[in-house]
file target15.cif (mmCIF, C-alpha atoms)
data_coords
#
loop_
_atom_site.label_atom_id
_atom_site.label_comp_id
_atom_site.auth_asym_id
_atom_site.auth_seq_id
_atom_site.Cartn_x
_atom_site.Cartn_y
_atom_site.Cartn_z
CA MET A 1 6.20 -31.12 -8.61
CA ALA A 2 9.55 -29.73 -9.77
CA ASP A 3 9.83 -26.36 -11.44
CA GLN A 4 9.21 -26.57 -15.14
CA GLU A 5 10.53 -24.45 -17.95
CA PHE A 6 8.14 -21.70 -18.91
CA GLU A 7 8.30 -18.58 -21.01
CA SER A 8 8.95 -15.51 -18.91
CA ALA A 9 6.12 -12.98 -18.72
CA ILE A 10 8.53 -10.27 -17.56
CA THR A 11 9.46 -7.99 -20.42
CA ASP A 12 12.31 -5.48 -20.69
CA GLU A 13 9.69 -2.72 -20.46
CA MET A 14 8.45 -4.15 -17.17
CA ARG A 15 12.01 -4.42 -15.80
CA ALA A 16 12.64 -0.79 -16.76
CA LEU A 17 9.81 0.27 -14.40
CA ILE A 18 11.54 -1.11 -11.29
CA GLY A 19 12.31 1.83 -9.02
CA VAL A 20 10.29 4.36 -11.02
CA LYS A 21 7.88 6.26 -8.77
CA GLY A 22 4.34 6.86 -9.90
CA PRO A 23 2.33 10.02 -9.29
CA GLU A 24 1.98 11.35 -5.76
CA THR A 25 -1.17 10.95 -3.68
CA THR A 26 -2.09 13.23 -0.80
CA SER A 27 -3.91 11.79 2.20
CA GLU A 28 -5.37 13.49 5.24
CA LEU A 29 -5.75 12.32 8.81
CA THR A 30 -8.61 13.85 10.74
CA THR A 31 -9.89 13.10 14.23
CA THR A 32 -12.99 11.57 12.64
CA SER A 33 -11.02 9.35 10.26
CA VAL A 34 -8.69 8.17 13.06
CA ARG A 35 -11.68 7.29 15.25
CA MET A 36 -13.51 5.57 12.39
CA PHE A 37 -10.50 3.44 11.43
CA ALA A 38 -9.79 2.50 15.05
CA ARG A 39 -13.41 1.55 15.59
CA SER A 40 -13.66 -0.42 12.34
CA VAL A 41 -10.70 -2.64 13.23
CA GLY A 42 -11.64 -3.03 16.88
CA TYR A 43 -9.02 -0.92 18.63
CA VAL A 44 -10.29 0.15 22.05
CA ASP A 45 -7.30 2.18 23.33
CA PRO A 46 -8.77 5.52 24.46
CA ALA A 47 -5.82 7.39 22.87
CA PHE A 48 -7.44 6.73 19.47
CA TYR A 49 -10.69 8.40 20.58
CA ASP A 50 -9.94 11.00 23.28
CA GLU A 51 -7.56 13.87 22.50
CA ALA A 52 -6.88 14.56 26.18
CA VAL A 53 -5.71 10.96 26.67
CA ALA A 54 -3.62 11.13 23.49
CA GLN A 55 -1.95 14.35 24.63
CA GLU A 56 -1.30 12.94 28.11
CA ARG A 57 0.62 10.17 26.32
CA GLY A 58 2.73 12.68 24.37
CA PHE A 59 0.86 12.84 21.06
CA ARG A 60 -0.03 16.12 19.33
CA SER A 61 -3.53 14.81 18.62
CA LEU A 62 -5.16 11.40 18.13
CA PRO A 63 -2.42 9.02 16.90
CA ALA A 64 -2.95 7.06 13.72
CA PRO A 65 -3.78 3.45 14.58
CA PRO A 66 -1.41 0.80 13.18
CA GLY A 67 -2.18 0.26 9.51
CA TYR A 68 -3.87 3.64 8.98
CA LEU A 69 -1.93 6.07 6.80
CA GLY A 70 -4.68 8.54 6.04
CA THR A 71 -7.53 8.85 3.59
CA PRO A 72 -6.62 9.88 0.03
CA ILE A 73 -8.07 13.22 -0.95
CA TYR A 74 -10.62 12.61 -3.68
CA ASN A 75 -10.89 15.16 -6.47
CA PRO A 76 -12.99 13.96 -9.40
CA ALA A 77 -10.94 16.12 -11.77
CA ASP A 78 -7.76 14.09 -11.29
CA SER A 79 -8.58 10.93 -9.32
CA ASP A 80 -9.09 7.39 -10.51
CA PRO A 81 -12.88 6.91 -10.45
CA THR A 82 -12.63 3.34 -9.16
CA PHE A 83 -10.15 3.69 -6.31
CA GLY A 84 -10.42 7.35 -5.28
CA GLY A 85 -6.74 8.21 -5.34
CA ARG A 86 -4.21 8.28 -8.10
CA ARG A 87 -2.89 4.90 -9.04
CA GLY A 88 0.81 4.29 -9.33
CA GLY A 89 3.63 1.86 -8.82
CA GLY A 90 4.04 -0.43 -11.73
CA GLY A 91 2.73 1.30 -14.80
CA PHE A 92 1.66 -2.00 -16.34
CA ARG A 93 -0.95 -4.66 -15.88
CA SER A 94 0.07 -8.23 -15.31
CA PRO A 95 -0.44 -10.44 -18.34
CA TYR A 96 -2.21 -12.89 -16.03
CA PRO A 97 -5.89 -12.37 -15.15
CA LEU A 98 -6.03 -13.96 -11.68
CA VAL A 99 -4.64 -11.95 -8.77
CA LEU A 100 -3.97 -12.66 -5.09
CA ASN A 101 -2.93 -10.25 -2.37
CA GLY A 102 0.41 -11.57 -1.12
CA GLY A 103 0.41 -9.31 1.93
CA THR A 104 1.43 -5.86 3.10
CA ASP A 105 4.18 -4.87 5.49
CA ILE A 106 4.43 -1.36 6.95
CA GLU A 107 7.71 -0.08 8.35
CA TYR A 108 7.27 2.95 10.60
CA THR A 109 10.20 5.36 11.02
CA GLY A 110 9.30 6.53 14.54
CA GLU A 111 7.90 9.91 13.48
CA GLN A 112 4.47 10.54 14.99
CA ILE A 113 1.50 10.25 12.65
CA CYS A 114 -1.51 12.06 14.13
CA ALA A 115 -4.83 13.64 13.25
CA GLY A 116 -4.10 16.93 11.53
CA ASP A 117 -1.25 15.48 9.46
CA THR A 118 -1.19 15.43 5.69
CA LEU A 119 0.79 12.62 4.10
CA THR A 120 2.12 12.50 0.58
CA SER A 121 2.84 9.09 -0.87
CA ALA A 122 4.42 7.77 -4.03
CA THR A 123 4.62 4.15 -5.11
CA ALA A 124 7.37 2.44 -7.07
CA LEU A 125 7.69 -1.09 -8.33
CA ALA A 126 10.36 -2.64 -6.08
CA SER A 127 10.75 -6.05 -7.71
CA LEU A 128 9.37 -8.56 -10.21
CA ASN A 129 9.90 -12.29 -9.90
CA GLU A 130 8.42 -15.41 -11.38
CA ARG A 131 7.87 -18.79 -9.87
CA TRP A 132 6.29 -22.01 -11.06
CA SER A 133 3.37 -23.14 -8.94
CA GLY A 134 3.50 -26.88 -8.66
CA ALA A 135 0.10 -27.03 -6.92
CA LEU A 136 -1.69 -25.14 -9.69
CA GLY A 137 0.64 -26.11 -12.51
CA VAL A 138 0.98 -22.49 -13.70
CA PRO A 139 3.59 -19.74 -13.57
CA MET A 140 3.13 -16.90 -11.07
CA LEU A 141 4.25 -13.30 -11.41
CA ILE A 142 5.16 -11.76 -8.05
CA GLN A 143 5.19 -7.97 -7.95
CA VAL A 144 6.38 -6.05 -4.90
CA SER A 145 5.54 -2.36 -4.72
CA GLU A 146 6.94 0.10 -2.22
CA THR A 147 5.07 3.22 -1.11
CA THR A 148 6.88 5.93 0.82
CA TYR A 149 4.77 8.21 3.04
CA THR A 150 6.11 11.69 3.85
CA ASN A 151 4.47 14.12 6.27
CA GLN A 152 3.80 17.83 5.77
CA HIS A 153 7.26 18.60 7.21
CA GLY A 154 9.04 16.49 4.57
CA LYS A 155 9.88 13.64 6.96
CA VAL A 156 9.38 10.02 5.91
CA VAL A 157 6.94 8.49 8.39
CA ALA A 158 6.34 5.05 6.87
CA ILE A 159 7.23 2.72 4.03
CA SER A 160 4.65 0.19 2.93
CA ARG A 161 5.57 -2.87 0.88
CA GLY A 162 2.80 -4.75 -0.87
CA THR A 163 3.03 -8.05 -2.71
CA GLY A 164 0.73 -8.98 -5.56
CA ILE A 165 0.67 -12.45 -7.08
CA SER A 166 -0.88 -12.97 -10.47
CA TYR A 167 -1.27 -16.14 -12.47
CA PRO A 168 -3.12 -17.53 -15.49
CA ARG A 169 -6.14 -19.73 -15.27
CA PRO A 170 -5.00 -23.36 -15.20
CA GLY A 171 -5.19 -24.67 -18.74
CA ASP A 172 -4.70 -21.25 -20.39
#
call {"tool": "encode", "arguments": {"input": "target15.cif", "output": "structure tokens"}}
result
Amino acid sequence: MADQEFESAITDEMRALIGVKGPETTSELTTTSVRMFARSVGYVDPAFYDEAVAQERGFRSLPAPPGYLGTPIYNPADSDPTFGGRRGGGGFRSPYPLVLNGGTDIEYTGEQICAGDTLTSATALASLNERWSGALGVPMLIQVSETTYTNQHGKVVAISRGTGISYPRPGD
């Protein structure tokens, strides 16, 4: 089905949020959290479990497994009660009620990320696009957010890009 004309859901206010960073979140990496994450995703490399092995391989402590960028510090006085950390990156809710995860890509800078590190992250809306879904017959709003992770020494260790796809219920 060819793209059809549809009214844009992207407002000037939404466009103005592109590039604006939300509040910072602080995350910790501990030996326990590194081991738990590695175990939960099935990593069996002993470097994720045994500090002596990790240090023999040149790490300060247990290295963070791929995909693990710490556990946000929860403080009930200033944390979102649903998600634990502060929420950021966007500053608006999509006008469409149905949401899909369009994927996450993590770019590592080469700096070690190990147990004992504290990472600070901030999320910004990187882009907003719309597309007509021929299969569903509805418009889709595609939001890409970018989160930059900085270690306790002020060095960027990773940049995560996440894509969210939202769309109305067919017939709405």
call {"tool": "atom_distance", "arguments": {"input": "target15.cif", "atom1": "atom CA of A:Thr150", "atom2": "atom CA of A:Arg93"}}
result
26.6 Å
call {"tool": "closest_residue", "arguments": {"input": "target15.cif", "among": "A:Phe92, A:Tyr108, A:Phe59, A:Tyr149", "to": "A:Glu24", "atoms": "only C-alpha atoms"}}
result
A:Tyr149
call {"tool": "closest_residue", "arguments": {"input": "target15.cif", "among": "A:Ala47, A:Met140, A:Leu119, A:Leu125", "to": "A:Gly102", "atoms": "all atoms listed in the file"}}
result
A:Met140
call {"tool": "axis_aligned_box", "arguments": {"input": "target15.cif", "around": "stretch 95-112 of chain A", "padding_each_side": "8 Å", "output": "lines of an AutoDock Vina configuration file"}}
result
center_x = 2.1
center_y = -1.7
center_z = -1.7
size_x = 32.2
size_y = 40.5
size_z = 49.3
call {"tool": "resolve_selection", "arguments": {"input": "target15.cif", "expression": "the PyMOL selection byres ((chain A and resi 63-78) around 10)", "output": "JSON, numbers by chain"}}
result
{"A": [25, 26, 27, 28, 29, 30, 31, 33, 34, 35, 37, 38, 39, 41, 43, 45, 47, 48, 49, 51, 54, 55, 57, 58, 59, 60, 61, 62, 79, 80, 81, 83, 84, 85, 86, 104, 105, 106, 107, 108, 112, 113, 114, 115, 116, 117, 118, 119, 120, 121, 149, 157, 158, 160]}
call {"tool": "atom_distance", "arguments": {"input": "target15.cif", "atom1": "atom CA of A:Lys21", "atom2": "atom CA of A:Ser8"}}
result
24.0 Å
call {"tool": "atom_distance", "arguments": {"input": "target15.cif", "atom1": "atom CA of A:Pro97", "atom2": "atom CA of A:Tyr167"}}
result
6.5 Å
call {"tool": "resolve_selection", "arguments": {"input": "target15.cif", "expression": "the PyMOL selection byres ((chain A and resi 14) around 12)", "output": "list in words"}}
result
Ser8, Ala9, Ile10, Thr11, Asp12, Glu13, Arg15, Ala16, Leu17, Ile18, Gly19, Val20, Gly89, Gly90, Gly91, Phe92, Arg93, Ser94, Pro95, Leu125, Ala126, Ser127, Leu128, Asn129, Leu141 and Gln143 of chain A
call {"tool": "closest_residue", "arguments": {"input": "target15.cif", "among": "A:Thr123, A:Glu130, A:Ala52, A:Gly164", "to": "A:Thr147", "atoms": "all atoms listed in the file"}}
result
A:Thr123
call {"tool": "residues_near_point", "arguments": {"input": "target15.cif", "point": "(-2.6, -15.4, -12.7)", "cutoff": "6 Å", "atoms": "all atoms listed in the file", "output": "NGL selection string"}}
result
:A and (96-99 or 166-168)
